[in-house]
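Single-structure report; data block below.
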Amino acid sequence: MADYNAPLRDMQFVINELVPLSEITALPGYEEAGEELAGAILDEAAKFANGVLSPLNWIGDQQGAILNSNAVTTPKGFKEAYEQFSQAGWIGLACDPEYGGQGLPALLSTAVNEMWNSANMAFTLCPLLTAGAIDAITHHGSAEQKAMYLPNLISGKWAGTMNLTEPNAGSDLSVVATKAAPAGDGTYKISGTKIYITYGEHDFTENIIHLVLARLPDAPAGVKGISLFIVPKFLVKPDGSLGVRNDLKCISLEHKLGIHASPTAVMSYGESGGATGFLVGQANRGLEYMFTMMNAARLGVGLEGVGISERAYQQAAGYAMQRVQGKIAAKPGNLPIAHHPDVSRMLMTMRAQIQAMRALAFFAAAESDKAMRHADAAARGAAQARLDFLIPIVKGWCTEQAVEITSLGVQVHGGMGFVEETGAAQHFRDARITPIYEGTTGIQANDLLGRKIVRDGGKEAKCLLEEMKATAASLQSSPNMEIKAMGAALGSAILALNRAVEWVVETFPKNAPAALAGAYPLMKCFGIVAGGWLLGKSAAIAKAKISQGASDHFYAQKIGVATFYIHHILSAAAGLAQSVRVGEEVITAMEHGLNDLLTS
């Protein structure tokens, strides 16, 4: 199976030329994070991803995590890799320096995290969940909680988890039943069962800090009655040393389609009187607080889609450049299968979508930096609104495309792709979870439609579309016919998407089911069009560089990738936009189909 090599050149292009990084280094506190430092960080991350994490990916898939007497053993080499990972300070890259972090922009940490996900997605889930715990405690914890937990989480000495759902709950957290009883000393006794807890138990760290949703005895019903608690595996003494083992344990691990090295735990709390928990913030605001963690995790999972897709593409391209089979039309000699037009089409479909997905994920990361650090309050608010709008698109679209891209990776291998030893199937299996956890694609699509478009009357959607229109107009004014054609195609796609947004805003108040029936195609259409917008901008930058005398072949391939995307992938936007606008007919058809199921 092919080794992973971090796509540094494309990452550097997106960071330095498309976003660009200069806008981020102009923000207070990020002045030192220039191109030179960014380049050094990316180089070092690439060495670790390529040399340490990537070789463990296949081992982790084959060995998996093992549970024995409530203790989990991770695959061979994983614990040692984590020790190197934490000692190098990778977990704290974008964290607050006050607690031991390096305070670097999310734009840089996003590029680094993509490498981790490509190299070994199952390993990377542990620091991903720890990062979410850090975010939640940073934003909502008390000063004492921050001082007690953040330094050890940021250093990697301890790990964090997110405990949301339960056997009876699934995605409906309104029915969470885990209990939190006041102990009389300011702590709470937690009792209940949580499922699907990523790295709920492992051998990487001496302590695991669980963030747990639970209900107080007098809590109101539904999501308004959920509180958030810190529940450590080992209680922490006032001097920071570890005390007794808390009343919690992992009682089983899920047997999964993929990410075998990542232990997905069923956690039991309070079998011997109650696990000691500490309330975060105010009572009954737990779900609100947990969304801080979930939003970061959703961006992280969208990035998983980018990372695993890149790994699948590299493996497929490597195989296609070596495998010789059949005669290539109009070409002499025995050439590798990459020269077959249909194989080339599959590879370009993978590559173009990955570059669009990467651009969108990095663009969202830059918005998060602006939302946090911009000196102007109005600019911070605008960036936060843009980020909130992009989160369900990055999560939903990038993960759905990851399943398609990794499936194409198997297809490029032909029959060998269906054989586990090649490794192509692992990427497909690992990718399949990404559209499910941290909110399914349907949840992301409904969030985009209901909360992010309808709620403000389409204001933020129209704001983004206007920026896209300006890019399309600029491309259409180019004297270069290739760029001009991109602009025309992009303009048509934006117009179709704009009509779909207008239809949703008008229809939802009168017929919410009809509007929601188009939520998925709307989300996918936004992803495709946003990807086309950013690749169109990339092509214009590349064309300008070439006109200025740049001889780097990279710029020519950026134009080629954008051309393929615009004419082979963006063309789907019109059909998706049309699907959004036939909600009434779709609802009728679905109801007929459901009745057939019920009566058959």
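As shown in the structure tokens, the chain order sets the letters A, B, ...; within each chain, residues go from 1, and ligands are also counted from 1 in the order they appear.
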
Any idea what's packed within 8 Å of segment 170-173 of chain A, counting only C-alpha atoms, ignoring anything in its chain fewer than 4 positions away? Could you give it as a ChimeraX atom specification? /A:164-166,222-223,439

Nearby residues (only C-alpha atoms) at most 12 Å from segment 494-498 of chain A, same-chain spacing under 4 positions excluded, as a PyMOL selection string: chain A and resi 453+458-473+487-490+502-505+521-533+570-581

Deliver the residues from the most recent selection as a file, using N, CA and C atoms, as a tab-separated table (two decimals), in the first residue's frame.
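To be explicit, this is the file written out as out.tsv:
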chain	number	residue	atom	x	y	z
A	453	ILE	N	-30.28	29.76	7.30
A	453	ILE	CA	-30.85	30.47	6.14
A	453	ILE	C	-32.20	31.07	6.48
A	458	GLY	N	-32.34	34.55	5.01
A	458	GLY	CA	-31.36	34.36	3.94
A	458	GLY	C	-30.29	35.42	3.87
A	459	LYS	N	-30.16	36.25	4.92
A	459	LYS	CA	-29.22	37.37	4.88
A	459	LYS	C	-27.78	36.91	4.70
A	460	GLU	N	-27.31	35.99	5.54
A	460	GLU	CA	-25.92	35.54	5.45
A	460	GLU	C	-25.68	34.74	4.17
A	461	ALA	N	-26.66	33.95	3.77
A	461	ALA	CA	-26.53	33.20	2.52
A	461	ALA	C	-26.36	34.15	1.34
A	462	LYS	N	-27.18	35.20	1.31
A	462	LYS	CA	-27.10	36.18	0.22
A	462	LYS	C	-25.77	36.94	0.26
A	463	CYS	N	-25.28	37.21	1.47
A	463	CYS	CA	-24.00	37.90	1.60
A	463	CYS	C	-22.88	37.07	0.96
A	464	LEU	N	-22.87	35.78	1.24
A	464	LEU	CA	-21.86	34.90	0.66
A	464	LEU	C	-22.05	34.79	-0.85
A	465	LEU	N	-23.29	34.68	-1.28
A	465	LEU	CA	-23.57	34.57	-2.71
A	465	LEU	C	-23.13	35.82	-3.46
A	466	GLU	N	-23.26	36.98	-2.84
A	466	GLU	CA	-22.81	38.21	-3.49
A	466	GLU	C	-21.30	38.20	-3.69
A	467	GLU	N	-20.56	37.69	-2.71
A	467	GLU	CA	-19.12	37.57	-2.89
A	467	GLU	C	-18.79	36.62	-4.03
A	468	MET	N	-19.54	35.53	-4.10
A	468	MET	CA	-19.33	34.57	-5.18
A	468	MET	C	-19.62	35.21	-6.55
A	469	LYS	N	-20.70	35.99	-6.59
A	469	LYS	CA	-21.07	36.65	-7.86
A	469	LYS	C	-19.96	37.59	-8.32
A	470	ALA	N	-19.35	38.31	-7.37
A	470	ALA	CA	-18.27	39.23	-7.72
A	470	ALA	C	-17.09	38.47	-8.32
A	471	THR	N	-16.79	37.30	-7.77
A	471	THR	CA	-15.72	36.48	-8.32
A	471	THR	C	-16.07	36.00	-9.72
A	472	ALA	N	-17.31	35.55	-9.91
A	472	ALA	CA	-17.74	35.08	-11.22
A	472	ALA	C	-17.64	36.19	-12.26
A	473	ALA	N	-18.07	37.39	-11.87
A	473	ALA	CA	-18.00	38.53	-12.80
A	473	ALA	C	-16.56	38.86	-13.15
A	487	GLY	N	-15.89	31.55	-15.37
A	487	GLY	CA	-16.75	32.58	-14.79
A	487	GLY	C	-18.20	32.43	-15.21
A	488	ALA	N	-18.42	32.11	-16.48
A	488	ALA	CA	-19.78	31.95	-16.98
A	488	ALA	C	-20.47	30.77	-16.30
A	489	ALA	N	-19.75	29.64	-16.19
A	489	ALA	CA	-20.32	28.45	-15.55
A	489	ALA	C	-20.59	28.70	-14.07
A	490	LEU	N	-19.65	29.36	-13.41
A	490	LEU	CA	-19.83	29.68	-12.00
A	490	LEU	C	-21.00	30.61	-11.80
A	502	GLU	N	-33.87	31.60	-2.22
A	502	GLU	CA	-35.07	32.43	-2.19
A	502	GLU	C	-36.33	31.58	-2.03
A	503	TRP	N	-36.38	30.45	-2.72
A	503	TRP	CA	-37.54	29.57	-2.63
A	503	TRP	C	-37.69	29.03	-1.21
A	504	VAL	N	-36.58	28.64	-0.60
A	504	VAL	CA	-36.62	28.09	0.76
A	504	VAL	C	-37.10	29.15	1.75
A	505	VAL	N	-36.56	30.36	1.66
A	505	VAL	CA	-36.95	31.43	2.57
A	505	VAL	C	-38.43	31.74	2.43
A	521	PRO	N	-30.21	18.39	-0.78
A	521	PRO	CA	-29.66	18.94	-2.03
A	521	PRO	C	-29.21	20.38	-1.90
A	522	LEU	N	-29.85	21.17	-1.01
A	522	LEU	CA	-29.41	22.55	-0.80
A	522	LEU	C	-28.02	22.59	-0.18
A	523	MET	N	-27.81	21.76	0.85
A	523	MET	CA	-26.50	21.71	1.49
A	523	MET	C	-25.43	21.27	0.50
A	524	LYS	N	-25.73	20.23	-0.28
A	524	LYS	CA	-24.76	19.73	-1.24
A	524	LYS	C	-24.49	20.77	-2.34
A	525	CYS	N	-25.54	21.45	-2.76
A	525	CYS	CA	-25.38	22.48	-3.78
A	525	CYS	C	-24.49	23.61	-3.27
A	526	PHE	N	-24.69	24.01	-2.01
A	526	PHE	CA	-23.85	25.07	-1.44
A	526	PHE	C	-22.39	24.63	-1.41
A	527	GLY	N	-22.15	23.38	-1.04
A	527	GLY	CA	-20.79	22.88	-1.00
A	527	GLY	C	-20.14	22.89	-2.36
A	528	ILE	N	-20.86	22.39	-3.35
A	528	ILE	CA	-20.31	22.33	-4.71
A	528	ILE	C	-20.04	23.73	-5.25
A	529	VAL	N	-20.97	24.63	-5.05
A	529	VAL	CA	-20.80	25.99	-5.57
A	529	VAL	C	-19.70	26.72	-4.83
A	530	ALA	N	-19.65	26.58	-3.50
A	530	ALA	CA	-18.58	27.22	-2.74
A	530	ALA	C	-17.22	26.67	-3.16
A	531	GLY	N	-17.16	25.38	-3.41
A	531	GLY	CA	-15.92	24.79	-3.89
A	531	GLY	C	-15.52	25.34	-5.25
A	532	GLY	N	-16.51	25.48	-6.14
A	532	GLY	CA	-16.24	26.07	-7.45
A	532	GLY	C	-15.79	27.50	-7.36
A	533	TRP	N	-16.38	28.24	-6.45
A	533	TRP	CA	-16.00	29.64	-6.23
A	533	TRP	C	-14.53	29.74	-5.83
A	570	LEU	N	-19.19	21.10	-10.95
A	570	LEU	CA	-20.08	22.23	-10.72
A	570	LEU	C	-21.37	22.12	-11.53
A	571	SER	N	-21.31	21.40	-12.63
A	571	SER	CA	-22.50	21.26	-13.48
A	571	SER	C	-23.66	20.59	-12.75
A	572	ALA	N	-23.36	19.87	-11.65
A	572	ALA	CA	-24.43	19.23	-10.88
A	572	ALA	C	-25.24	20.23	-10.07
A	573	ALA	N	-24.73	21.44	-9.90
A	573	ALA	CA	-25.40	22.43	-9.04
A	573	ALA	C	-26.79	22.78	-9.53
A	574	ALA	N	-26.96	22.92	-10.83
A	574	ALA	CA	-28.27	23.30	-11.37
A	574	ALA	C	-29.32	22.25	-11.04
A	575	GLY	N	-28.96	20.97	-11.18
A	575	GLY	CA	-29.90	19.90	-10.87
A	575	GLY	C	-30.24	19.86	-9.39
A	576	LEU	N	-29.23	20.04	-8.54
A	576	LEU	CA	-29.48	20.05	-7.10
A	576	LEU	C	-30.37	21.22	-6.71
A	577	ALA	N	-30.11	22.39	-7.29
A	577	ALA	CA	-30.93	23.56	-6.99
A	577	ALA	C	-32.38	23.33	-7.41
A	578	GLN	N	-32.56	22.66	-8.54
A	578	GLN	CA	-33.92	22.34	-9.00
A	578	GLN	C	-34.59	21.37	-8.03
A	579	SER	N	-33.81	20.42	-7.50
A	579	SER	CA	-34.38	19.47	-6.54
A	579	SER	C	-34.90	20.17	-5.29
A	580	VAL	N	-34.22	21.22	-4.88
A	580	VAL	CA	-34.66	21.99	-3.71
A	580	VAL	C	-36.05	22.56	-3.93
A	581	ARG	N	-36.32	22.98	-5.14
A	581	ARG	CA	-37.53	23.76	-5.43
A	581	ARG	C	-38.74	22.90	-5.81

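Between atom CA of Leu299 of chain A and atom CA of Ala316 of chain A there is a distance of 25.9 Å.
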
Can you list every residue in segment 215-402 of chain A that DSSP puts in alpha helix (DSSP H), as number ranges by chain? A: 286-320, 341-373, 377-402

Could you take the residues named above and write them with C-alpha atoms, as an mmCIF file, in the first residue's frame?
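Below is the file that was written, selection-v8.cif:
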data_model
loop_
_atom_site.group_PDB
_atom_site.id
_atom_site.type_symbol
_atom_site.label_atom_id
_atom_site.label_comp_id
_atom_site.auth_asym_id
_atom_site.auth_seq_id
_atom_site.Cartn_x
_atom_site.Cartn_y
_atom_site.Cartn_z
ATOM 1 C CA GLY A 286 -25.256 22.056 29.211
ATOM 2 C CA LEU A 287 -26.376 21.571 25.644
ATOM 3 C CA GLU A 288 -25.572 25.200 24.872
ATOM 4 C CA TYR A 289 -22.097 24.706 26.322
ATOM 5 C CA MET A 290 -21.603 21.386 24.585
ATOM 6 C CA PHE A 291 -22.300 23.039 21.241
ATOM 7 C CA THR A 292 -19.018 24.912 21.689
ATOM 8 C CA MET A 293 -17.374 21.515 21.650
ATOM 9 C CA MET A 294 -19.636 20.116 18.949
ATOM 10 C CA ASN A 295 -19.114 22.972 16.515
ATOM 11 C CA ALA A 296 -15.350 22.574 16.798
ATOM 12 C CA ALA A 297 -15.781 18.824 16.390
ATOM 13 C CA ARG A 298 -17.989 19.296 13.320
ATOM 14 C CA LEU A 299 -15.294 21.349 11.631
ATOM 15 C CA GLY A 300 -12.822 18.694 12.704
ATOM 16 C CA VAL A 301 -14.931 15.911 11.200
ATOM 17 C CA GLY A 302 -15.327 17.860 7.965
ATOM 18 C CA LEU A 303 -11.540 18.038 7.911
ATOM 19 C CA GLU A 304 -11.445 14.272 8.445
ATOM 20 C CA GLY A 305 -13.346 14.041 5.172
ATOM 21 C CA VAL A 306 -10.649 16.089 3.458
ATOM 22 C CA GLY A 307 -7.824 14.104 5.042
ATOM 23 C CA ILE A 308 -9.101 10.596 4.368
ATOM 24 C CA SER A 309 -9.975 11.608 0.801
ATOM 25 C CA GLU A 310 -6.422 12.837 0.195
ATOM 26 C CA ARG A 311 -5.033 9.548 1.516
ATOM 27 C CA ALA A 312 -7.360 7.543 -0.753
ATOM 28 C CA TYR A 313 -6.436 9.692 -3.751
ATOM 29 C CA GLN A 314 -2.709 9.296 -3.199
ATOM 30 C CA GLN A 315 -3.071 5.537 -2.948
ATOM 31 C CA ALA A 316 -5.281 5.330 -6.046
ATOM 32 C CA ALA A 317 -2.976 7.589 -8.074
ATOM 33 C CA GLY A 318 0.080 5.610 -7.027
ATOM 34 C CA TYR A 319 -1.545 2.339 -8.035
ATOM 35 C CA ALA A 320 -2.837 3.725 -11.330
ATOM 36 C CA PRO A 341 -9.664 8.104 -20.016
ATOM 37 C CA ASP A 342 -12.111 6.704 -17.452
ATOM 38 C CA VAL A 343 -9.428 6.073 -14.833
ATOM 39 C CA SER A 344 -8.080 9.560 -15.466
ATOM 40 C CA ARG A 345 -11.610 10.882 -14.995
ATOM 41 C CA MET A 346 -11.932 9.139 -11.626
ATOM 42 C CA LEU A 347 -8.574 10.430 -10.444
ATOM 43 C CA MET A 348 -9.386 13.980 -11.512
ATOM 44 C CA THR A 349 -12.803 13.749 -9.835
ATOM 45 C CA MET A 350 -11.059 12.806 -6.611
ATOM 46 C CA ARG A 351 -8.332 15.415 -6.919
ATOM 47 C CA ALA A 352 -10.557 18.333 -7.900
ATOM 48 C CA GLN A 353 -13.051 17.727 -5.125
ATOM 49 C CA ILE A 354 -10.296 17.348 -2.529
ATOM 50 C CA GLN A 355 -8.738 20.664 -3.512
ATOM 51 C CA ALA A 356 -12.154 22.342 -3.330
ATOM 52 C CA MET A 357 -12.871 20.758 0.054
ATOM 53 C CA ARG A 358 -9.469 21.780 1.406
ATOM 54 C CA ALA A 359 -9.966 25.356 0.248
ATOM 55 C CA LEU A 360 -13.382 25.533 1.927
ATOM 56 C CA ALA A 361 -12.170 24.023 5.215
ATOM 57 C CA PHE A 362 -9.170 26.376 5.370
ATOM 58 C CA PHE A 363 -11.393 29.319 4.447
ATOM 59 C CA ALA A 364 -13.683 28.464 7.377
ATOM 60 C CA ALA A 365 -10.668 28.216 9.691
ATOM 61 C CA ALA A 366 -9.569 31.704 8.658
ATOM 62 C CA GLU A 367 -13.052 33.002 9.494
ATOM 63 C CA SER A 368 -12.737 31.487 12.978
ATOM 64 C CA ASP A 369 -9.456 33.351 13.454
ATOM 65 C CA LYS A 370 -11.112 36.608 12.418
ATOM 66 C CA ALA A 371 -14.085 35.945 14.688
ATOM 67 C CA MET A 372 -11.730 35.478 17.634
ATOM 68 C CA ARG A 373 -9.073 38.113 17.065
ATOM 69 C CA ALA A 377 -16.351 44.137 16.917
ATOM 70 C CA ALA A 378 -18.486 44.355 13.785
ATOM 71 C CA ALA A 379 -15.870 42.452 11.798
ATOM 72 C CA ARG A 380 -15.727 39.788 14.527
ATOM 73 C CA GLY A 381 -19.490 39.441 14.376
ATOM 74 C CA ALA A 382 -19.497 39.163 10.598
ATOM 75 C CA ALA A 383 -16.778 36.514 10.677
ATOM 76 C CA GLN A 384 -18.652 34.534 13.332
ATOM 77 C CA ALA A 385 -21.829 34.654 11.248
ATOM 78 C CA ARG A 386 -19.890 33.423 8.226
ATOM 79 C CA LEU A 387 -18.256 30.647 10.269
ATOM 80 C CA ASP A 388 -21.587 29.510 11.716
ATOM 81 C CA PHE A 389 -23.001 29.394 8.207
ATOM 82 C CA LEU A 390 -20.083 27.359 6.860
ATOM 83 C CA ILE A 391 -19.915 24.755 9.644
ATOM 84 C CA PRO A 392 -22.783 22.530 8.400
ATOM 85 C CA ILE A 393 -21.505 22.807 4.814
ATOM 86 C CA VAL A 394 -17.937 21.859 5.720
ATOM 87 C CA LYS A 395 -19.146 18.999 7.888
ATOM 88 C CA GLY A 396 -21.946 17.746 5.657
ATOM 89 C CA TRP A 397 -20.518 18.233 2.176
ATOM 90 C CA CYS A 398 -16.904 17.272 2.873
ATOM 91 C CA THR A 399 -17.878 14.047 4.613
ATOM 92 C CA GLU A 400 -20.444 13.009 2.005
ATOM 93 C CA GLN A 401 -17.860 13.596 -0.710
ATOM 94 C CA ALA A 402 -15.298 11.632 1.303
#

Selection near segment 26-40 of chain A, 7 Å with only C-alpha atoms, sequence-local residues under 5 positions removed, as a ChimeraX atom specification: /A:104-105,108,373-375

Expected file contents, prior selection, C-alpha atoms, as a short mmCIF file (atom, residue, chain, number, x, y, z; two decimals), in the first residue's frame:
data_model
loop_
_atom_site.label_atom_id
_atom_site.label_comp_id
_atom_site.auth_asym_id
_atom_site.auth_seq_id
_atom_site.Cartn_x
_atom_site.Cartn_y
_atom_site.Cartn_z
CA LEU A 104 -1.18 29.98 16.66
CA PRO A 105 -4.01 30.63 14.18
CA LEU A 108 -2.35 26.70 10.57
CA ARG A 373 -9.07 38.11 17.07
CA HIS A 374 -10.26 40.93 14.78
CA ALA A 375 -9.89 44.31 16.43
#

Write out as a list in words the residues lying within 8 Å of Ser268 of chain A, counting only C-alpha atoms and excluding same-chain residues fewer than 5 positions away.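 Contacts, with the query itself left out: Ser191, Gly192, Thr193, Lys194, Leu248, Lys249, Cys250 and Ile251 of chain A.
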
Expected file: the selected residues, N, CA and C atoms, as a PDB file, in the first residue's frame:
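The new file selection08.pdb reads:
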ATOM      1  N   SER A 191     -24.782   9.273  37.431  1.00  0.00           N
ATOM      2  CA  SER A 191     -25.120   7.867  37.200  1.00  0.00           C
ATOM      3  C   SER A 191     -25.866   7.731  35.880  1.00  0.00           C
ATOM      4  N   GLY A 192     -25.457   6.743  35.097  1.00  0.00           N
ATOM      5  CA  GLY A 192     -26.096   6.505  33.803  1.00  0.00           C
ATOM      6  C   GLY A 192     -25.128   5.841  32.842  1.00  0.00           C
ATOM      7  N   THR A 193     -25.596   5.622  31.635  1.00  0.00           N
ATOM      8  CA  THR A 193     -24.794   4.961  30.605  1.00  0.00           C
ATOM      9  C   THR A 193     -24.702   5.844  29.376  1.00  0.00           C
ATOM     10  N   LYS A 194     -23.489   5.995  28.860  1.00  0.00           N
ATOM     11  CA  LYS A 194     -23.250   6.770  27.644  1.00  0.00           C
ATOM     12  C   LYS A 194     -22.662   5.848  26.582  1.00  0.00           C
ATOM     13  N   LEU A 248     -16.508   5.203  37.468  1.00  0.00           N
ATOM     14  CA  LEU A 248     -16.876   5.110  36.052  1.00  0.00           C
ATOM     15  C   LEU A 248     -15.996   4.056  35.394  1.00  0.00           C
ATOM     16  N   LYS A 249     -16.511   3.435  34.343  1.00  0.00           N
ATOM     17  CA  LYS A 249     -15.717   2.428  33.644  1.00  0.00           C
ATOM     18  C   LYS A 249     -16.273   2.183  32.247  1.00  0.00           C
ATOM     19  N   CYS A 250     -15.395   1.666  31.415  1.00  0.00           N
ATOM     20  CA  CYS A 250     -15.779   1.245  30.076  1.00  0.00           C
ATOM     21  C   CYS A 250     -16.260  -0.199  30.172  1.00  0.00           C
ATOM     22  N   ILE A 251     -17.504  -0.449  29.782  1.00  0.00           N
ATOM     23  CA  ILE A 251     -18.044  -1.807  29.924  1.00  0.00           C
ATOM     24  C   ILE A 251     -18.041  -2.578  28.608  1.00  0.00           C
TER      25      ILE A 251
END

What are the DSSP strand (DSSP E) residues of segment 235-415 of chain A, as a PyMOL selection string? chain A and resi 235-236+242-245+248-253+264-269+275-279

With a cut-off of 9 Å, could you pull out the residues of segment 178-287 of chain A touching segment 52-74 of chain A and give me the nearest pair of atoms for each, distance in Å to one decimal, using only C-alpha atoms, ordered by chain and ascending number, as a tab-separated table?
residue	atom	partner	partner_atom	distance
A:Glu201	CA	A:Val72	CA	5.9
A:His202	CA	A:Val72	CA	4.8
A:Asp203	CA	A:Thr73	CA	5.9
A:Phe204	CA	A:Thr74	CA	8.1
A:Lys249	CA	A:Asn70	CA	6.2
A:Cys250	CA	A:Asn70	CA	5.2
A:Ile251	CA	A:Asn70	CA	5.9
A:Ser252	CA	A:Leu67	CA	7.0
A:Leu253	CA	A:Leu67	CA	6.8
A:Gly258	CA	A:Asp61	CA	7.4
A:Ile259	CA	A:Asp61	CA	6.6
A:His260	CA	A:Gly64	CA	4.6
A:Ala261	CA	A:Gly64	CA	4.2
A:Ser262	CA	A:Ala65	CA	6.4
A:Pro263	CA	A:Ala65	CA	5.6
A:Thr264	CA	A:Ala65	CA	8.9

Neighbours of Leu235 of chain A within 8 Å (only C-alpha atoms; same-chain residues fewer than 2 positions away dropped), as JSON, numbers by chain? {"A": [232, 233, 237, 242, 243, 244, 245, 246, 276]}

Straight-line distance linking atom CA of Lys146 of chain A with atom CA of Ala180 of chain A, stated in Å to one decimal: 21.5 Å

Find the residues near Leu129 of chain A: any atom within 8 Å, counting only C-alpha atoms, skip ones fewer than 3 places away on the same chain, and give them as a ChimeraX atom specification. /A:125-126,132-133,159-162,198,297

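Here atom CA of Phe508 of chain A stands at a distance of 12.9 Å from atom CA of Leu448 of chain A.
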
Could you list, as a PyMOL selection string, every residue within 12 Å of Glu584 of chain A, counting only C-alpha atoms and ignoring same-chain residues fewer than 5 positions away? chain A and resi 503-504+507-508+510-518+579+589-591

Dump N, CA and C atoms for the selected residues as an mmCIF file, in the first residue's frame?
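part_4.cif written:
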data_model
loop_
_atom_site.group_PDB
_atom_site.id
_atom_site.type_symbol
_atom_site.label_atom_id
_atom_site.label_comp_id
_atom_site.auth_asym_id
_atom_site.auth_seq_id
_atom_site.Cartn_x
_atom_site.Cartn_y
_atom_site.Cartn_z
ATOM 1 N N TRP A 503 -36.376 30.453 -2.721
ATOM 2 C CA TRP A 503 -37.538 29.568 -2.626
ATOM 3 C C TRP A 503 -37.694 29.026 -1.207
ATOM 4 N N VAL A 504 -36.585 28.642 -0.596
ATOM 5 C CA VAL A 504 -36.618 28.093 0.764
ATOM 6 C C VAL A 504 -37.096 29.153 1.755
ATOM 7 N N THR A 507 -40.807 29.611 1.192
ATOM 8 C CA THR A 507 -41.662 28.444 1.386
ATOM 9 C C THR A 507 -41.712 27.953 2.823
ATOM 10 N N PHE A 508 -40.599 28.026 3.541
ATOM 11 C CA PHE A 508 -40.534 27.422 4.867
ATOM 12 C C PHE A 508 -41.639 27.901 5.813
ATOM 13 N N LYS A 510 -44.589 28.772 5.209
ATOM 14 C CA LYS A 510 -45.894 28.282 4.766
ATOM 15 C C LYS A 510 -45.973 26.760 4.723
ATOM 16 N N ASN A 511 -44.842 26.125 4.428
ATOM 17 C CA ASN A 511 -44.840 24.676 4.241
ATOM 18 C C ASN A 511 -43.459 24.137 4.600
ATOM 19 N N ALA A 512 -43.200 24.037 5.901
ATOM 20 C CA ALA A 512 -41.876 23.617 6.366
ATOM 21 C C ALA A 512 -41.466 22.242 5.843
ATOM 22 N N PRO A 513 -42.369 21.236 5.821
ATOM 23 C CA PRO A 513 -41.942 19.924 5.305
ATOM 24 C C PRO A 513 -41.459 19.976 3.858
ATOM 25 N N ALA A 514 -42.126 20.766 3.025
ATOM 26 C CA ALA A 514 -41.708 20.870 1.625
ATOM 27 C C ALA A 514 -40.314 21.483 1.520
ATOM 28 N N ALA A 515 -40.054 22.505 2.343
ATOM 29 C CA ALA A 515 -38.726 23.127 2.319
ATOM 30 C C ALA A 515 -37.665 22.165 2.831
ATOM 31 N N LEU A 516 -37.969 21.461 3.925
ATOM 32 C CA LEU A 516 -37.003 20.545 4.514
ATOM 33 C C LEU A 516 -36.716 19.351 3.618
ATOM 34 N N ALA A 517 -37.649 19.014 2.749
ATOM 35 C CA ALA A 517 -37.396 17.921 1.810
ATOM 36 C C ALA A 517 -36.238 18.244 0.880
ATOM 37 N N GLY A 518 -35.954 19.532 0.726
ATOM 38 C CA GLY A 518 -34.845 19.949 -0.130
ATOM 39 C C GLY A 518 -33.597 20.324 0.637
ATOM 40 N N SER A 579 -33.815 20.421 -7.496
ATOM 41 C CA SER A 579 -34.384 19.469 -6.538
ATOM 42 C C SER A 579 -34.901 20.171 -5.294
ATOM 43 N N ALA A 589 -44.441 12.239 -3.137
ATOM 44 C CA ALA A 589 -43.845 10.970 -3.566
ATOM 45 C C ALA A 589 -43.354 10.156 -2.368
ATOM 46 N N MET A 590 -42.770 10.827 -1.396
ATOM 47 C CA MET A 590 -42.269 10.121 -0.223
ATOM 48 C C MET A 590 -43.416 9.538 0.592
ATOM 49 N N GLU A 591 -44.505 10.288 0.705
ATOM 50 C CA GLU A 591 -45.650 9.783 1.468
ATOM 51 C C GLU A 591 -46.248 8.560 0.800
#

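Minimum distance to Gly450 of chain A across A:Ala431, A:Val236, A:Val501, A:Ala485 (counting only C-alpha atoms) occurs at A:Val501.
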